[in-house]
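First comes the structure, then the notes that go with it.
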Amino acid sequence: MNETPATVAAPASQTSRRPKLASRLLRHKSGAASLAVILIFGVVAALGSLIQPFDPIAGNVVASFSPPSAEHWLGTDDLGRDVLSRVMDGAKIALIVATVSVGVAAIIGLIIGVIAGYAGGFLDLLITRAQDVLFAFPTLLLAVIVSAVLGPGLINASLAIALVYIPRFGRIARSATLQVKHSEFLDAARLAGVPVVRMLLRHVVPNVMPSVLVLAALSVSTAQLAYASLAFLGLGVSPPQADWGSMLSEGRNFVTVAPWMVIAPAAALVLLMVAFNVVGDAVRDVMDPRGEHSKGAPIAA
Amino acid sequence: MNPADAGPETRANVLTVTDLQTAFPTRRGTVRAVDGVSFDVREGETLGLVGESGSGKSVTAMSILRLVAAPGRIESGRIELAGQDVLALEGEELRRVRGSIAGMVFQNPMTALNPSFTVGWQLMEALRAHGVRDPEELQRRVEQALAAVGMPDPARQLDTYPHQMSGGMRQRVVIAMGMINEPRLLIADEPTTALDVTIQAQVLNLMKRLTREHGTALLLITHNMGVIARMCDRVAVMYAGEIVEEALVRTLFSAPKHPYTSGLLRSIPRADHGRGKVPTMTGFPPDMAAPPSGCRFADRCPYVVDACLSDRPALVEVESAHKTRCLRVQELGGSVADLTVRGVA
Amino acid sequence: MTPDRGATPTPLLQVNDLVKHFPVRGRGPAQMLRAVDGVSFTVNAGETVGVVGESGCGKSTVARLVVGLTKPTSGSVLVEGGDIWARGKEGAERRRRMQMVFQNPTGSMNPRRTVGDAVAEPLQVLRAPGIRAKVEETLSLVGLKPEMADRMPHEMSGGQQQRAAIARAMISNPALVVHDESVASLDISLQAQILNLLVDLQDRLGTAYLFISHDLAAVQAISHRVVVMYLGEVVESATAVEFAARPLHPYSVALRRAALLPDPEIEQSRVEVGLTGDVPSPLNPPSGCRFRTRCPYAEQKCADEKPALRPAQDGHYVACHFAGIATATTALEGAS
Amino acid sequence: MIRPALTRLASLFGVLLVVSMLVFFLGSLIPGDLASVIVGHEGATPEQFERVRRELGLDQPLIVQYLNWLGNAVTGDFGTSPITAREVSADIAQQFPVSLELALLCLVTSTVIGVPVGIKAAVSNKGWVDAAMRASLLVMFSVPVFVVGILLLLFASAFAPDLFNVTYVPWQQDLVGNLRSMALPVATITLPFAAMTMQMTRSATLEVLSDPYITTARAVGVKRRRVHYVHALRNALPPVVTFLGFQFGVMMGGLLVVEQIFSLPGLGRGMLDAINNRDYPSVTAITMVFAAVFVVVNAAIDLLYPVLDPRQRSR
Amino acid sequence: STPGSTGGAADKTLTIAETNPPQTFDPIQSSQIATMYAWQHLYNGLARVDAQGELQPDLATEWKASDDGLTYDFTLRDGVTFSDGSPLTADDVVFSFERLLTKGLPYSQSRFADLESVKAVDATHVQFKLKKPNAGFLLNVGSPFFIGSAILSKKFASSNDPKTTVLGTGPFKVQSYTPNQELVLVRNDKHWNKDALPDYGTLRIKYMPDQSAQVAALSSGQVDLIFPSAENAVQLEKNAKIKVESVKGTNTMRLNINSGRKPFDNPDVRRAISLSLDRDEIVQGAFLGKAEPSAQIPPSLPGALPLSELPHQTRDVAKAKELLAKAGYANGLKITLDHLAGYATYLDRFAQLVKSQLAEAGIEVVIEANQNSVWLDHQNNAKYDIMDNVYSFNGDPMTLLSPRPGRQGPTPAEVTAAMAKATAGSPEDYRSNLQALMKLENDLVFPDIAVAAPMSMIAFGERVSGAEPDPTLARQFLADVTVK
Ligand SMILES: Nc1ncnc2c1ncn2[C@@H]1O[C@H](COP(=O)(O)OP(=O)(O)OP(=O)(O)O)[C@@H](O)[C@H]1O
Ligand SMILES: Nc1ncnc2c1ncn2[C@@H]1O[C@H](COP(=O)(O)OP(=O)(O)OP(=O)(O)O)[C@@H](O)[C@H]1O
Ligand SMILES: [Mg+2]
Ligand SMILES: [Mg+2]
């Protein structure tokens with residue numbers, strides 16, 4: 001009469017494994033669309049001069065300030081250079097700044113934030129204070145110092161921005177870690193003997209990621225502007241190669257004379273930045289355990 | 001006159017649920033967690049809802065106050081609460097019903113309380129939501145409610161945060177919150193699971209007093225057959241989203257008509273079972289995303305015949321106040337309780 | 001105290017005079033909450049010890065202390081005679097031999113990882129081969145379909161989550177599993193299935209259980225011995241059979257009395273019984289016997305003198321000056 | 001009770017000390033030279049250079065310069081600017097209130113916009129109004145401040161010349177004038193900052209919205225708004241507040257562009273000038289001000305944490 | 001201007017916008033032109049060079065040089081007082097110049113490098129003694145920017161710090177100064193020349209670092225007058241309510257060449273660079289047409305030479321290539337342009353044009369954009385290849401032609417000789433001697449390549465009339481402006 005259910009045969013499986021993050025992201029409508037936008041910018045940046053209609057840095061002063069036309073789709077700038085080509089050229093810088101500065105900062109910030117939050121005690125104090133020092137340093141000064149030490153240039157300027165951004169990621173990651181630190185699922189993992197590193201990677205990081213992602217997406221935009229100001233101080237790429245921020249700061253002097261000089265780079269910037277933010281949200285959404293229909297209230301089991 | 005003194009038939013229905021269907025769209029397809037459930041609860045009456053884990057009891061409870069979370073949806077049916085059509089209510093009307101006409105006690109006390117607010121604040125919040133403003137009255141009523149659920153030192157607990165309480169204490173707070181507005185219907189989803197038996201007894205006594213003295217109707221969801229036995233007037237048994245049997249409590253325990261009910265009752269551990277020798281049913285409930293077309297219990301049922309696999313049985317009233325959902329109910333005679341169940345010697 | 005010392009020289013688990021105090025800051029000066037206040041018991045290999053007691057009496061805290069999730073204020077937890085807080089690998093190895101099923105299944109699953117991942121975790125750590133197969137097998141053992149491995153915790157009902165949690169605790173064949181209300185949210189048929197399963201596994205693998213529950217019936221259906229706790233202390237300890245027959249502590253008796261029977265005939269005519277009085281606060285426990293404030297038999301002595309846990313009969317220990325004054329039979333008489 | 005407060009205080013000063021060392025020693029790594037700035041861009045003999053350097057004390061070893069500075073700084077003396085000969089502390093006393101006001105105003109306005117929109121975005125999965133609001137905030141966020149600022153200026157000068165003031169007016173002097181001078185700068189940065197606040201709030205709110213206690217609150221009939229703005233928000237607050245805290249820090253230090261465009265004599269501009277001129281006393285002092293603000297805000301947030309999250313109180 | 005004997009209505013205010021605030025009020029302590037704009041309202045010199053390059057009396061009514069050119073005697077004007085009413089005496093003049101010689105910045109001191117001593121002959125006579133004759137001495141005394149030549153009150157300056165407090169003889173006195181924000185000046189009614197006083201009582205100078213914000217301020221009427229950049233002028237010209245006035249300016253934009261470095265020590269390389277520049281395109285591209293091609297001495301100054309008469313001032317790419325080949329760079333050359341970033345937008349555009357124009361001659365230019373302090377550092381230590389720079393006119397045209405020892409290679413002997421000849425020569429021959437020097441420098445392309453002279457522009461609203469910009473960008477003209 002002892003009937004344990006040990007012999008239950010598994011009914012024919014009709015569910016596949018949970019789809020991977022990437023494929024879920026691709027099914028997220030606005031997420032996929034924004035990913036496509038970023039991809040297009042990536043292609044434009046990668047192909048570079050192959051698809052640019054004109055040389056982005058050579059112009060003809062005689063043809064300056066020509067409004068958009070069949071020849072120059074987005075018009076020409078103060079030195080007669082093709083705005084479209086320059087915008088296309090700027091895509092590369094925008095993407096490098098975005099990925100290097102935010103990528104490096106997010107990864108390092110995540111790591112040290114999670115470690116600080118999880119370890120607590122002295123290590124926490126040390127990391128937090130070190131971050132505080134970085135954070136307490138005026139952004140501009142810090143970036144100037146770093147660029148000065150590393151030398152000017154695109155990558156170095158991006159790294160300088162990364163250094164400036166590390167503490168924000170660190171803080172966010174730390175506070176998110178503190179929130180999950182005392183959850184029972186970590187206790188369960190501890191009981192399972194999960195080593196610390198794996199515990200952080202598998203259990204803590206996924207729960208910390210949402211806030212980090214949102215911040216990362218936002219930082220992509222601010223990084224562009226930070227880069228523009230470093231470029232202004234002479235710490236970015238060497239002119240006349242131009243990032244969108246510099247094009248804008250140049251163009252705004254002509255906003256009533258040649259509005260296309262502002263509109264074109266601004267549109268590119270906005271498009272890319274919004275795309276990054278929507279993708280950030282989308283990743284957040286698909287990472288949400290509550291699945292595709294993420295928003296809304298709970299289910300009570 | 002105390003409404004509880006009236007005969008059960010003359011008492012008014014506080015809750016009538018008719019053909020409720022609640023579904024969750026998922027990747028695997030639509031899960032019909034509640035699939036055509038009908039029942040009613042009268043003033044001063046206690047209806048027990050028992051059944052398999054995952055059979056849709058909680059979802060039914062949530063549906064009554066329309067608290068089913070998106071993407072879950074009430075697809076069809078009718079819920080009448082104290083004369084109001086709940087599914088037709090909008091915004092503010094619906095909100096006023098919640099808590100005051102029907103109160104709710106949730107299953108999991110560990111998470112049902114807001115960690116950021118004191119217990120006292122949260123209880124007062126429930127009162128404030130229904131117009132109580134006077135601070136002294138708030139304080140008095142909250143203390144009363146906490147005392148009523150057997151909370152030691154109620155005045156002190158007001159300033160306590162949920163995380164500072166044990167599971168049992170939290171559960172009592174949750175119960176107090178469900179009852180604080182003296183609702184006409186109390187929906188209690190496993191209200192005593194986290195409590196030890198002495199406290200459980202207090203809580204049950206309290207609820208019983210409520211139904212007797214205030215005529216509060218009680219929809220009690222529990223796994224504990226002892227609680228059912230003690231508390232309920234009638235019992236509905238759920239299986240895979242459906243009610244498979246509904247009867248007066250004594251009838252159900254003594255003469256269950258549905259094979260599932262019978263199997264359930266026999267699974268209650270008894271002293272004479274011996275360690276690890278509790279008789280159980282075989283198998284597991286069907287996948288609710290693709291339920292079988294026939295009887296949902298068919299693949300676990302010892303009495304299954306071919307017709308069971310193809311025809312979906314209806315819930316029929318086989319005796320007065322006794323409904324069951326089994327094709328073979330007539331054939332199997334009065335009760336399935338004593339029949340030998342397949343697989344159990 | 002080690003009731004069974006004679007039977008097995010070193011019990012699997014030995015808990016000695018365990019104390020856990022939590023500092024609580026409220027209004028006024030900081031206070032100590034005495035969650036666990038001098039608890040001792042043992043669990044032998046292959047044995048089930050049931051723990052019952054008032055809610056808030058410190059059962060979960062004991063559970064966490066036993067598996068090493070919380071460090072005790074004082075006292076020790078020994079596995080096969082060795083302290084689980086020993087430095088280095090030794091302690092970690094001892095702690096690893098114990099698993100726990102948490103009281104709250106929802107909270108004990110990472111909301112962002114599948115149930116299968118959660119269940120597989122203890123094996124992944126050991127880098128055992130054939131994890132997926134083992135996970136599916138274990139899931140079916142606890143009555144979950146193998147495909148459930150790919151679900152997220154929130155997609156399962158409370159009972160399903162609970163079973164997954166049990167599967168996780170069992171999968172690495174630990175020497176001891178602490179069940180903190182592990183069957184409370186299951187329906188009875190499942191409860192029975194799980195209880196049978198636990199017994200079966202115990203018979204096959206020799207796993208020991210520390211089984212914490214409010215449900216006396218369930219505790220008796222699985223335990224060899226029963227420990228009764230009240231307000232951070234052990235008040236009674238006996239074999240399950242003995243406990244079923246003759247609970248000696250007034251609190252144990254009250255527990256037995258308050259347990260509901262699955263019989264409407266009895267229950268609906270039962271007069272309202274149960275303990276009166278408020279549960280005292282662990283911040284400020286009563287002097288002497290902690291149960292005296294609710295005990296119908298309390299006398300002055302109970303307030304003055306703390307009763308020690310002493311043997312009443314062979315293998316039956318109780319902490320009461322008047323042990324046996326209340327009996328289950330009188331309780332049952334009172335009930336009918 | 002007292003010990004933690006003291007260690008806390010000590011660590012704050014520790015941070016300030018480390019910052020001051022960093023700014024001193026790292027600052028010297030920046031290429032460019034104060035003496036060059038002072039000498040200017042026409043001929044000077046090496047001897048003349050030496051003289052200038054000696055007068056500035058730049059010929060001493062850095063460590064001596066630092067210790068001198070530290071000795072003076074603890075007495076509240078941050079020296080005088082070698083460029084303007086003004087007391088650095090007097091300059092800062094003038095710049096600080098400007099930046100503080102700007103940052104506070106922006107913090108308030110961006111929070112007032114960002115938090116509700118963020119909650120709204122989190123709680124409603126449909127509704128094009130929310131989508132549009134979010135989208136437009138994001139768009140505003142991505143347009144550089146110097147473009148938005150200039151457009152606002154142009155529009156205002158063409159259509160509403162009375163609504164703004166092109167130069168800063170201290171509020172003690174004329175409150176209305178002060179608000180007119182702050183209106184455009186605040187408008188310029190409010191939206192981008194609001195966009196950030198909105199995103200953070202949305203994310204934090206989404207995290208808590210699915211918690212069961214939210215259902216509990218709804219079940220007892222708490223008004224929808226109150227559920228969102230009290231019950232949910234309260235639990236979403238810790239990360240949002242952390243974020244707002246560092247937002248405030250960023251604003252104190254990073255509103256340079258706005259200060260430039262709208263001619264506000266704030267710390268950001270002071271810092272830019274100081275860096276450009278390698279006016280080390282000013283650079284150091286302004287850095288210390290930023291650091292102090294940051295440290296104070298940080299400490300305030302840390303103190304706020306247990307208030308916001310009771311679970312962090314008794315541990 | 002037509003002020004009455006007491007000036008016009010004292011309650012009227014002229015509000016203008018300047019981009020950069022003054023660093024200091026001490027007229028020997030800054031080399032920054034924006035700082036000197038503030039001095040111009042507050043101080044006077046003994047004499048002043050006018051737009052034609054002629055020296056006009058100011059605090060001194062007359063002066064006389066000795067025959068050997070070593071002694072100059074100045075007679076002070078009667079009745080001159082400082083703005084606090086204290087009279088100007090010879091002691092003040094002596095004090096001012098002695099202060100310059102002991103405490104002045106090298107920048108100011110170098111203008112009077114040949115000055116040996118100053119002494120008061122009596123209360124109204126001052127005598128300057130030079131170490132050697134200097135034909136430019138008087139012109140330096142007459143610097144419109146008062147570089148080292150402003151007269152301070154001895155009594156005041158000994159007891160106050162002139163860096164932060166002011167007492168001068170100028171048409172205005174300081175009412176208040178809020179750094180980075182606003183300088184409020186009021187009319188100095190004690191001024192000796194009532195004709196030089198404005199018809200309004202207050203001059204409010206707002207420091208607005210952003211040019212576009214200045215345009216907005218001007219169009220909204222919050223500011224009466226600004227000094228627009230070329231792009232702002234282009235925009236403002238479309239605004240009917242705003243008047244834009246411009247004159248040919250005396251500033252010159254240049255490329256400094258570090259002749260101490262290879263290959264710039266080779267005159268042919270320098271010539272090639274100069275020949276590669278298309279000055280017309282630069283005028284158009286960098287200045288939007290608001291400039292003219294220029295040699296070291298700009299066309300607006302007397303003594304300027306037509307560019308056609310100067311070697312290497314007209315583009316000839318073929319010849320440039322030829323010279324490069326001759327110098328051994330037939331396959332091109334890669335050089336760095338040390339660009340002064342953040343100074344002016346025209347300079348940014350100029351750098352980019354230089355890059356593209358030199359590229360056509362096979363010279364690849366890498367633009368290194370540097371902040372002021374770095375740029376200055378590179379310059380002072382000769383750590384650059386070529387750098388862009390802007391020179392302003394300070395009275396003595398020699399400063400526009402002087403090599404800068406230590407910042408480039410050694411000065412060729414013929415240049416040294418030509419300079420000595422001009423300095424030692426008579427003031428009457430000064431102009432023609434300088435012209436010869438300029439020709440020589442253009443032939444050697446040393447010490448720098450002058451490219452263009454931007455126009456001096458002002459833009460003002462309807463409240464203002466009678467405003468005429470000064471070619472030197474000097475601000476003294478503001479006292480002549482009439483405010484409605
Ligand atoms: N959000 C959801 N998405 C998909 N399925 C859901 C969701 N919520 C509930 N379900 C499913 O609906 C069914 C009914 O769940 P419900 O919580 O009502 O069960 P229950 O009877 O209360 O079980 P238990 O006794 O274990 O609490 C379950 O099969 C569950 O998996
Ligand atoms: N981290 C903590 N900080 C402060 N007090 C705590 C903490 N954990 C538990 N307690 C307190 O310790 C006592 C024992 O709690 P515990 O959770 O062990 O009780 P329990 O016996 O498991 O109760 P239940 O049956 O209700 O789950 C309770 O009063 C509880 O409030
Ligand atoms: Mg349920
Ligand atoms: Mg517990």
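Ordering of the structure tokens sets the chain letters (A, B, ...); residue numbers start at 1 within each chain; ligands are numbered from 1 in the order shown.
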Inset, instruction - Kindly compile the residues surrounding ligand 4 within 10 Å, counting only C-alpha atoms and all ligand atoms, and format them as a PyMOL selection string. - result: (chain B and resi 110+166-168+194-195) or (chain C and resi 53-64+102-104+180-181+212-214)
Contacts of chain D with chain E up to 7 Å, shortest pair per row, only C-alpha atoms, as CSV:
```
residue,atom,partner,partner_atom,distance
D:Pro31,CA,E:Val374,CA,5.8
D:Gly32,CA,E:Val374,CA,3.9
D:Asp33,CA,E:Asp377,CA,5.9
D:Ser36,CA,E:Asp377,CA,5.6
D:Val37,CA,E:Ser373,CA,5.7
D:Ile38,CA,E:Ser30,CA,6.9
D:Val39,CA,E:Tyr107,CA,6.3
D:Gly40,CA,E:Ser31,CA,5.2
D:His41,CA,E:Leu376,CA,6.3
D:Glu42,CA,E:Tyr107,CA,6.0
D:Gly43,CA,E:Arg404,CA,5.4
D:Ala44,CA,E:Pro106,CA,5.5
D:Gln48,CA,E:Pro106,CA,6.5
D:Ile83,CA,E:Gln23,CA,6.3
D:Thr84,CA,E:Gln23,CA,5.1
D:Ala85,CA,E:Lys163,CA,6.3
D:Arg86,CA,E:Thr164,CA,7.0
D:Ile150,CA,E:Ser212,CA,6.7
D:Leu153,CA,E:Ala216,CA,6.0
D:Leu154,CA,E:Ala216,CA,5.6
D:Ser157,CA,E:Ser220,CA,4.6
D:Ala158,CA,E:Ser220,CA,6.6
D:Pro161,CA,E:Ser220,CA,5.1
D:Val166,CA,E:Ala217,CA,6.1
D:Gln260,CA,E:Pro209,CA,5.7
D:Ile261,CA,E:Asp210,CA,5.1
D:Phe262,CA,E:Ala213,CA,6.7
D:Ser263,CA,E:Met208,CA,5.0
D:Pro265,CA,E:Asn180,CA,5.4
D:Asn276,CA,E:Ser373,CA,6.0
D:Asn277,CA,E:Ser373,CA,5.9
D:Arg278,CA,E:Ser373,CA,6.8
```
Hey, which bits of chain C sit within 7 Å of chain A, and for each residue what's the closest pair of atoms and how far apart in Å (one decimal), counting only C-alpha atoms, rows by chain and increasing number, as JSON lines?
```
{"residue": "C:Leu69", "atom": "CA", "partner": "A:Asp187", "partner_atom": "CA", "distance": 6.8}
{"residue": "C:Arg96", "atom": "CA", "partner": "A:Gly193", "partner_atom": "CA", "distance": 5.9}
{"residue": "C:Gln99", "atom": "CA", "partner": "A:Leu191", "partner_atom": "CA", "distance": 6.0}
{"residue": "C:Gly107", "atom": "CA", "partner": "A:Glu184", "partner_atom": "CA", "distance": 5.5}
{"residue": "C:Ser108", "atom": "CA", "partner": "A:Phe185", "partner_atom": "CA", "distance": 3.9}
{"residue": "C:Met109", "atom": "CA", "partner": "A:Phe185", "partner_atom": "CA", "distance": 4.9}
{"residue": "C:Asn110", "atom": "CA", "partner": "A:Phe185", "partner_atom": "CA", "distance": 5.4}
{"residue": "C:Pro111", "atom": "CA", "partner": "A:Pro289", "partner_atom": "CA", "distance": 5.8}
{"residue": "C:Arg112", "atom": "CA", "partner": "A:Pro289", "partner_atom": "CA", "distance": 4.9}
{"residue": "C:Glu121", "atom": "CA", "partner": "A:Ala192", "partner_atom": "CA", "distance": 6.4}
{"residue": "C:Pro122", "atom": "CA", "partner": "A:Ala192", "partner_atom": "CA", "distance": 4.4}
{"residue": "C:Val125", "atom": "CA", "partner": "A:Val194", "partner_atom": "CA", "distance": 5.7}
{"residue": "C:Ser140", "atom": "CA", "partner": "A:Ala6", "partner_atom": "CA", "distance": 6.5}
{"residue": "C:Leu141", "atom": "CA", "partner": "A:Ala6", "partner_atom": "CA", "distance": 4.7}
{"residue": "C:Gly143", "atom": "CA", "partner": "A:Pro5", "partner_atom": "CA", "distance": 6.4}
{"residue": "C:Lys145", "atom": "CA", "partner": "A:Ala10", "partner_atom": "CA", "distance": 6.1}
{"residue": "C:Pro146", "atom": "CA", "partner": "A:Ala10", "partner_atom": "CA", "distance": 6.4}
{"residue": "C:Glu147", "atom": "CA", "partner": "A:Ser13", "partner_atom": "CA", "distance": 6.4}
{"residue": "C:Asp150", "atom": "CA", "partner": "A:Arg17", "partner_atom": "CA", "distance": 5.4}
{"residue": "C:Met152", "atom": "CA", "partner": "A:Pro289", "partner_atom": "CA", "distance": 6.8}
{"residue": "C:Met156", "atom": "CA", "partner": "A:Ala301", "partner_atom": "CA", "distance": 6.9}
{"residue": "C:Ser157", "atom": "CA", "partner": "A:Ala301", "partner_atom": "CA", "distance": 4.4}
{"residue": "C:Gly158", "atom": "CA", "partner": "A:Ala301", "partner_atom": "CA", "distance": 4.8}
{"residue": "C:Gln193", "atom": "CA", "partner": "A:Thr4", "partner_atom": "CA", "distance": 6.1}
{"residue": "C:Asn196", "atom": "CA", "partner": "A:Thr4", "partner_atom": "CA", "distance": 6.3}
{"residue": "C:Leu197", "atom": "CA", "partner": "A:Thr4", "partner_atom": "CA", "distance": 5.9}
```
Inset, instruction - Would you please work out which residue, of D:Pro144, D:Gly177, D:Pro185, D:Gly57, is nearest to chain A when using only C-alpha atoms? - result: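 Selected residue with least distance to chain A: D:Pro144.
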Inset, instruction - May I have the residues within 9 Å of B:Val14 as a PyMOL selection string, using only C-alpha atoms and disregarding those fewer than 5 positions away in the same chain? - result: chain B and resi 40-43+80-83+184-185+216-217
Got a sec to tell me which of stretch 114-172 of chain E DSSP assigns to strand (DSSP E), as a PDB file with C-alpha atoms, in the first residue's frame?
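Okay, this is what ended up in selection.pdb:
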```
ATOM      1  CA  LEU E 115      63.868 102.429 -19.653  1.00  0.00           C
ATOM      2  CA  GLU E 116      66.520 103.181 -17.124  1.00  0.00           C
ATOM      3  CA  SER E 117      64.883 105.583 -14.692  1.00  0.00           C
ATOM      4  CA  VAL E 118      62.022 108.012 -14.176  1.00  0.00           C
ATOM      5  CA  LYS E 119      62.204 111.092 -12.074  1.00  0.00           C
ATOM      6  CA  ALA E 120      60.041 113.996 -11.140  1.00  0.00           C
ATOM      7  CA  VAL E 121      61.555 117.246 -12.218  1.00  0.00           C
ATOM      8  CA  ASP E 122      58.877 119.215 -10.422  1.00  0.00           C
ATOM      9  CA  HIS E 125      57.344 117.576 -15.070  1.00  0.00           C
ATOM     10  CA  VAL E 126      58.634 114.069 -15.382  1.00  0.00           C
ATOM     11  CA  GLN E 127      61.813 112.909 -16.982  1.00  0.00           C
ATOM     12  CA  PHE E 128      62.414 109.451 -18.453  1.00  0.00           C
ATOM     13  CA  LYS E 129      65.908 108.192 -19.030  1.00  0.00           C
ATOM     14  CA  LEU E 130      66.594 105.360 -21.489  1.00  0.00           C
ATOM     15  CA  PHE E 172      34.656 105.866 -15.088  1.00  0.00           C
TER      16      PHE E 172
END
```
Inset, instruction - Just list the residues in stretch 65-221 of chain A DSSP gives alpha helix (DSSP H) on the backbone, as a VMD selection string. - result: chain A and resid 83 to 96 103 to 119 121 to 136 139 to 150 154 to 181 184 to 191 196 to 199 205 to 221
Inset, instruction - Could you give me, as an MDAnalysis selection string, every polymer residue with an atom at most 8 Å away from an atom of ligand 3, counting only C-alpha atoms and all ligand atoms? - result: (chainID A and resid 300:301) or (chainID B and resid 53:54 56:59 107 189:190) or (chainID C and resid 157:159)
Legend entry - Residue neighbourhood stretch 55-68 of chain A, 9 Å, only C-alpha atoms, exclusion window fewer than 5 positions, as a VMD selection string: (chain A and resid 49 73 to 89 239 to 242 257 to 261) or (chain E and resid 281 to 282 284 to 285 352 to 353 356)
Inset, instruction - Dump as an MDAnalysis selection string the residues of chain D that approach chain A to within 7 Å, counting only C-alpha atoms. - result: chainID D and resid 15 18:19 26:27 29:31 122:123 125 138:139 142:144 147 196 199:200 203 206 209:212 215 239 253:254 287 290:291 294
